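> You'll find final.cif just under this line, and it carries mmCIF, C-alpha atoms.
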data_protein
loop_
_atom_site.label_atom_id
_atom_site.label_comp_id
_atom_site.auth_asym_id
_atom_site.auth_seq_id
_atom_site.Cartn_x
_atom_site.Cartn_y
_atom_site.Cartn_z
CA MET A 1 -9.26 19.72 37.28
CA LEU A 2 -9.88 18.02 33.93
CA ASN A 3 -8.03 20.79 32.09
CA TYR A 4 -5.09 20.33 34.46
CA ILE A 5 -4.97 16.58 33.76
CA SER A 6 -5.32 17.11 30.02
CA ASN A 7 -2.48 19.64 30.08
CA LEU A 8 -0.39 17.23 32.15
CA LEU A 9 -0.85 14.51 29.55
CA LYS A 10 0.09 16.90 26.75
CA LEU A 11 3.21 17.96 28.68
CA ARG A 12 4.23 14.35 29.19
CA LEU A 13 3.83 13.75 25.46
CA LYS A 14 5.92 16.82 24.62
CA ILE A 15 8.82 15.71 26.81
CA GLN A 16 8.31 12.05 25.83
CA GLU A 17 7.59 10.98 29.39
CA PRO A 18 5.47 7.81 29.70
CA LEU A 19 1.73 8.46 30.04
CA MET A 20 1.02 4.94 31.22
CA SER A 21 2.67 2.01 32.92
CA LEU A 22 2.36 -1.76 32.43
CA SER A 23 2.87 -3.79 35.61
CA LEU A 24 2.68 -7.52 36.33
CA PHE A 25 1.15 -9.11 39.44
CA THR A 26 0.51 -12.51 40.98
CA ASN A 27 -3.24 -12.17 41.69
CA GLU A 28 -6.50 -10.58 40.54
CA HIS A 29 -6.28 -7.95 43.29
CA PHE A 30 -3.12 -6.51 41.68
CA ASN A 31 -1.51 -5.98 45.08
CA GLU A 32 1.49 -8.30 44.84
CA SER A 33 4.17 -7.77 42.22
CA LEU A 34 5.06 -10.74 40.07
CA PRO A 35 8.40 -12.36 40.98
CA GLU A 36 11.12 -12.81 38.39
CA GLU A 37 10.32 -16.52 38.09
CA VAL A 38 6.93 -18.17 37.54
CA THR A 39 6.06 -21.86 37.41
CA VAL A 40 3.71 -23.17 34.71
CA PRO A 41 0.68 -22.96 34.73
CA SER A 42 0.50 -20.02 37.19
CA TYR A 43 -1.35 -16.95 35.96
CA ILE A 44 0.33 -13.65 35.16
CA PHE A 45 -1.95 -10.68 35.90
CA ALA A 46 -1.23 -7.48 33.95
CA GLU A 47 -2.43 -3.94 34.63
CA VAL A 48 -2.08 -0.87 32.42
CA LYS A 49 -2.89 2.43 34.10
CA LEU A 50 -2.40 6.14 33.64
CA ASN A 51 0.39 7.68 35.66
CA GLU A 52 -0.47 10.23 38.37
CA ILE A 53 -4.24 10.13 37.85
CA SER A 54 -6.62 9.18 40.63
CA ALA A 55 -8.39 5.84 40.20
CA SER A 56 -11.71 7.63 40.79
CA ASN A 57 -11.24 9.91 37.75
CA ASP A 58 -12.73 8.11 34.76
CA ASP A 59 -12.64 10.94 32.24
CA PHE A 60 -9.62 9.33 30.60
CA ILE A 61 -10.25 5.82 29.32
CA VAL A 62 -7.44 3.31 28.84
CA GLN A 63 -7.97 1.15 25.77
CA LEU A 64 -5.85 -1.95 25.18
CA GLU A 65 -5.77 -2.31 21.41
CA GLU A 66 -3.25 -5.13 21.03
CA CYS A 67 -1.27 -7.15 23.58
CA TRP A 68 1.09 -10.03 22.91
CA ALA A 69 3.92 -12.04 24.47
CA THR A 70 7.39 -12.66 23.07
CA ARG A 71 10.34 -14.72 24.24
CA VAL A 72 12.75 -11.81 23.74
CA LYS A 73 12.75 -8.14 24.74
CA ASN A 74 12.13 -6.90 21.19
CA SER A 75 8.36 -6.41 20.76
CA SER A 76 8.71 -7.51 17.13
CA GLY A 77 10.56 -10.68 18.10
CA LEU A 78 9.45 -14.17 17.11
CA PRO A 79 7.88 -16.39 18.20
CA SER A 80 4.99 -14.34 19.60
CA TYR A 81 1.70 -15.16 21.28
CA GLN A 82 -1.34 -12.90 20.84
CA ILE A 83 -3.26 -12.02 24.04
CA VAL A 84 -5.49 -9.06 23.04
CA GLN A 85 -6.55 -8.45 19.45
CA SER A 86 -8.49 -5.38 18.28
CA GLY A 87 -9.50 -4.62 21.87
CA CYS A 88 -10.86 -8.12 22.58
CA ASP A 89 -9.58 -11.51 23.71
CA ALA A 90 -7.42 -12.96 20.95
CA PRO A 91 -8.77 -16.18 19.40
CA PRO A 92 -7.35 -19.31 21.05
CA SER A 93 -4.28 -20.91 19.52
CA GLY A 94 -4.31 -24.60 18.75
CA GLY A 95 -4.11 -26.79 21.84
CA GLU A 96 -4.31 -24.03 24.46
CA ALA A 97 -6.65 -24.16 27.47
CA ALA A 98 -10.00 -22.38 27.16
CA ASN A 99 -9.09 -19.99 29.99
CA ALA A 100 -5.47 -19.44 28.96
CA LYS A 101 -6.00 -15.67 28.53
CA MET A 102 -8.78 -13.30 29.47
CA LEU A 103 -9.42 -9.58 29.44
CA MET A 104 -10.69 -8.54 32.86
CA ARG A 105 -11.23 -4.82 32.28
CA ASN A 106 -10.89 -2.72 29.12
CA TYR A 107 -12.47 0.43 27.62
CA GLU A 108 -14.03 1.25 31.02
CA SER A 109 -11.80 3.49 33.13
CA ASN A 110 -8.29 4.85 33.53
CA PHE A 111 -6.83 1.36 33.90
CA ALA A 112 -7.20 -1.96 32.08
CA THR A 113 -6.36 -5.50 33.17
CA PHE A 114 -5.99 -9.01 31.81
CA LYS A 115 -4.62 -12.37 32.88
CA LEU A 116 -2.46 -14.88 31.05
CA MET A 117 -1.69 -18.48 31.95
CA SER A 118 2.08 -18.97 31.90
CA PHE A 119 3.42 -21.35 29.28
CA VAL A 120 6.62 -22.60 27.72
CA TRP A 121 7.86 -21.97 24.20
CA THR A 122 8.26 -25.16 22.19
CA ASN A 123 11.64 -25.94 20.62
CA PHE A 124 13.55 -23.83 23.17
CA THR A 125 15.66 -25.00 26.11
CA ASP A 126 14.84 -24.39 29.77
CA ALA A 127 17.46 -21.62 29.82
CA GLU A 128 15.64 -19.83 26.98
CA GLN A 129 12.18 -19.77 28.57
CA PHE A 130 11.23 -16.12 29.13
CA ILE A 131 8.06 -14.12 28.64
CA TYR A 132 7.92 -10.42 27.79
CA ILE A 133 4.51 -8.76 27.51
CA HIS A 134 3.82 -5.85 25.16
CA CYS A 135 0.69 -3.72 24.66
CA ASP A 136 -0.35 -1.00 22.23
CA VAL A 137 -2.54 1.31 24.30
CA THR A 138 -4.69 4.34 23.51
CA ILE A 139 -6.03 7.03 25.87
CA CYS A 140 -9.45 8.48 25.09
CA GLN A 141 -10.97 11.52 26.85
CA ASN A 142 -14.50 10.53 27.86
CA SER A 143 -15.85 14.08 28.16
CA THR A 144 -15.37 14.59 24.40
CA GLY A 145 -18.10 12.01 23.76
CA GLN A 146 -15.87 10.21 21.28
CA CYS A 147 -14.76 7.21 23.35
CA PRO A 148 -16.05 3.97 21.83
CA GLY A 149 -17.30 1.20 24.04
CA GLN A 150 -15.68 -2.20 23.88
CA THR A 151 -17.38 -4.21 21.12
CA CYS A 152 -16.31 -7.79 20.52
CA GLY A 153 -17.73 -10.71 18.62
CA GLY A 154 -17.24 -9.33 15.12
CA VAL A 155 -18.80 -5.87 15.72
CA GLY A 156 -16.70 -3.03 14.29
CA ARG A 157 -15.38 -0.15 16.40
CA ARG A 158 -15.41 3.54 15.53
CA SER A 159 -12.04 5.11 14.94
CA VAL A 160 -11.13 7.73 17.50
CA ASP A 161 -8.98 10.84 17.27
CA ASN A 162 -6.87 10.43 20.41
CA ASN A 163 -4.64 13.43 19.65
CA GLY A 164 -1.58 11.20 19.57
CA ARG A 165 -2.15 9.85 23.07
CA ASN A 166 -1.02 6.32 22.44
CA GLN A 167 1.90 4.24 23.58
CA ARG A 168 3.55 0.86 23.26
CA LEU A 169 4.33 -0.54 26.69
CA SER A 170 6.44 -3.55 27.65
CA ALA A 171 7.09 -5.53 30.82
CA GLY A 172 9.40 -8.40 31.68
CA PRO A 173 11.30 -10.58 31.49
CA VAL A 174 9.55 -13.31 33.46
CA ARG A 175 11.54 -16.53 33.64
CA ILE A 176 9.30 -19.55 33.13
CA LEU A 177 9.91 -22.70 35.15
CA GLN A 178 8.24 -25.95 34.20
CA THR A 179 7.35 -29.03 36.22
CA THR A 180 7.16 -32.57 34.87
CA LYS A 181 3.37 -32.47 35.05
CA TYR A 182 3.08 -29.40 32.86
CA LEU A 183 6.10 -29.88 30.61
CA LEU A 184 4.75 -29.26 27.11
CA VAL A 185 6.11 -31.15 24.15
CA GLN A 186 5.13 -31.06 20.50
CA ASP A 187 4.41 -34.14 18.41
CA THR A 188 4.80 -34.41 14.65
CA SER A 189 1.27 -33.14 14.02
CA GLY A 190 1.94 -29.96 15.99
CA VAL A 191 -0.48 -30.85 18.80
CA ARG A 192 0.74 -30.08 22.30
CA VAL A 193 0.38 -32.82 24.89
CA GLN A 194 1.59 -33.23 28.46
CA ALA A 195 4.91 -34.99 28.92
CA ASN A 196 3.56 -37.40 31.52
CA GLU A 197 0.94 -38.53 29.00
CA VAL A 198 3.69 -39.15 26.42
CA ALA A 199 5.68 -41.16 28.96
CA GLY A 200 2.60 -43.25 29.73
CA ASN A 201 2.08 -43.98 26.04
CA ILE A 202 5.71 -45.07 25.65
CA PHE A 203 5.36 -47.39 28.65
CA ASN A 204 2.20 -48.96 27.22
CA LEU A 205 3.86 -49.53 23.84
CA GLY A 206 6.83 -51.17 25.58
CA CYS A 207 4.54 -53.55 27.46
CA LEU A 208 2.73 -54.49 24.23
CA PHE A 209 6.02 -55.18 22.45
CA PHE A 210 7.23 -57.39 25.34
CA TRP A 211 3.92 -59.35 25.29
CA LEU A 212 4.20 -59.94 21.54
CA LEU A 213 7.68 -61.37 22.02
#
For this file, produce the structure as structure tokens.

Amino acid sequence: MLNYISNLLKLRLKIQEPLMSLSLFTNEHFNESLPEEVTVPSYIFAEVKLNEISASNDDFIVQLEECWATRVKNSSGLPSYQIVQSGCDAPPSGGEAANAKMLMRNYESNFATFKLMSFVWTNFTDAEQFIYIHCDVTICQNSTGQCPGQTCGGVGRRSVDNNGRNQRLSAGPVRILQTTKYLLVQDTSGVRVQANEVAGNIFNLGCLFFWLL
């Protein structure tokens, strides 16, 4: 059975047929596809899995090496937002919530998952708010004894000969809708704050000015 699966993967590579798929969902059970529009700060759940391989067969390990979000379809497009870095959660960007992104499963079986809190891109209009997700993924055959475990926190990982079984996957677009409560703006220092907090500050300054008069 393992030889059959290995040969199937090699055949897919030869004819350039995708080995894996990247799909987006609304919940941690990965049983409801993500709609085309999402309202901030709803989570986007992503799953990468091998095509046509039973979920109970763990001889082939899916390894998310890098995952990131862009506003445009091009995976090299800017701006970008790092989600997974070197197989681990990417370090937080300035001003983001502590739980804005989280790997849920990686380097364990023939699928990998993570979640991402939806957000808006600063300095772009409502009509330009889209998220595309991209991942560089590697397949490792567990029975070879060469599959590294996931090691984060500054511990290095062994390089693995994956016989060319790697892919860049993309999913999207997801249109991002924003409410007044979670409308993000950017002040002159580059710190993101909520729009309702900004409005409150403006109101307070107006009251102070009127009192001084």
> Extract, using all atoms listed in the file, all DNA, RNA and protein residues at most 10 Å from region 117-126 of chain A, discarding same-chain residues fewer than 3 positions from it, and format them as JSON, numbers by chain.
{"A": [38, 39, 40, 41, 42, 43, 44, 45, 70, 71, 79, 80, 81, 96, 97, 99, 100, 101, 102, 129, 130, 131, 174, 175, 176, 177, 178, 182, 183, 184, 185, 186, 192]}
> To test your reading of the syntax: which residues would the PyMOL selection byres ((chain A and resi 109) around 9) return for the file shown? Reply as a PyMOL selection string.
chain A and resi 55-63+105-108+110-112
> Have a look at A:Pro92, A:Asn51, A:Tyr132, A:Cys140 and name the one nearest to Ser75 (chain A); count all atoms listed in the file.
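Looking only at the distances to Ser75 (chain A), the closest residue turns out to be A:Tyr132.
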> Residues picked by the PyMOL selection byres ((chain A and resi 33) around 12) here, as a VMD selection string?
chain A and resid 22 to 32 34 to 38 44 to 47 171 to 172 174
> So how far away is CA of Asn142 (chain A) from CA of Ala69 (chain A), in Å?
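Computed distance, CA of Ala69 (chain A) to CA of Asn142 (chain A), equals 29.3 Å.
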> If you apply the PyMOL selection byres ((chain A and resi 103) around 7) to this file, what residues do you get, as a list in words?
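That selection, the PyMOL selection byres ((chain A and resi 103) around 7), comes back as Asp89, Met102, Met104, Arg105, Thr113, Phe114 and Lys115 of chain A.
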> To one decimal place in Å, what is the distance between CA of Ile133 (chain A) and CA of Pro148 (chain A)?
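Spanning CA of Ile133 (chain A) to CA of Pro148 (chain A) is a straight-line distance of 24.8 Å.
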> Could you tell me which of A:Val72, A:Cys88, A:Leu19, A:Leu78 comes closest to Thr151 (chain A) if we count only C-alpha atoms?
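Between A:Val72, A:Cys88, A:Leu19, A:Leu78, the residue approaching Thr151 (chain A) most closely is A:Cys88.
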> Report, in Å with one decimal, the straight-line distance from CA of Ala90 (chain A) to CA of Ala127 (chain A).
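That distance, rounded to one decimal, is 27.8 Å.
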> From the options A:Gln141, A:Gln82, A:Gln150, A:Ser170, which residue's atoms come nearest to Cys67 (chain A), counting all atoms listed in the file?
A:Gln82
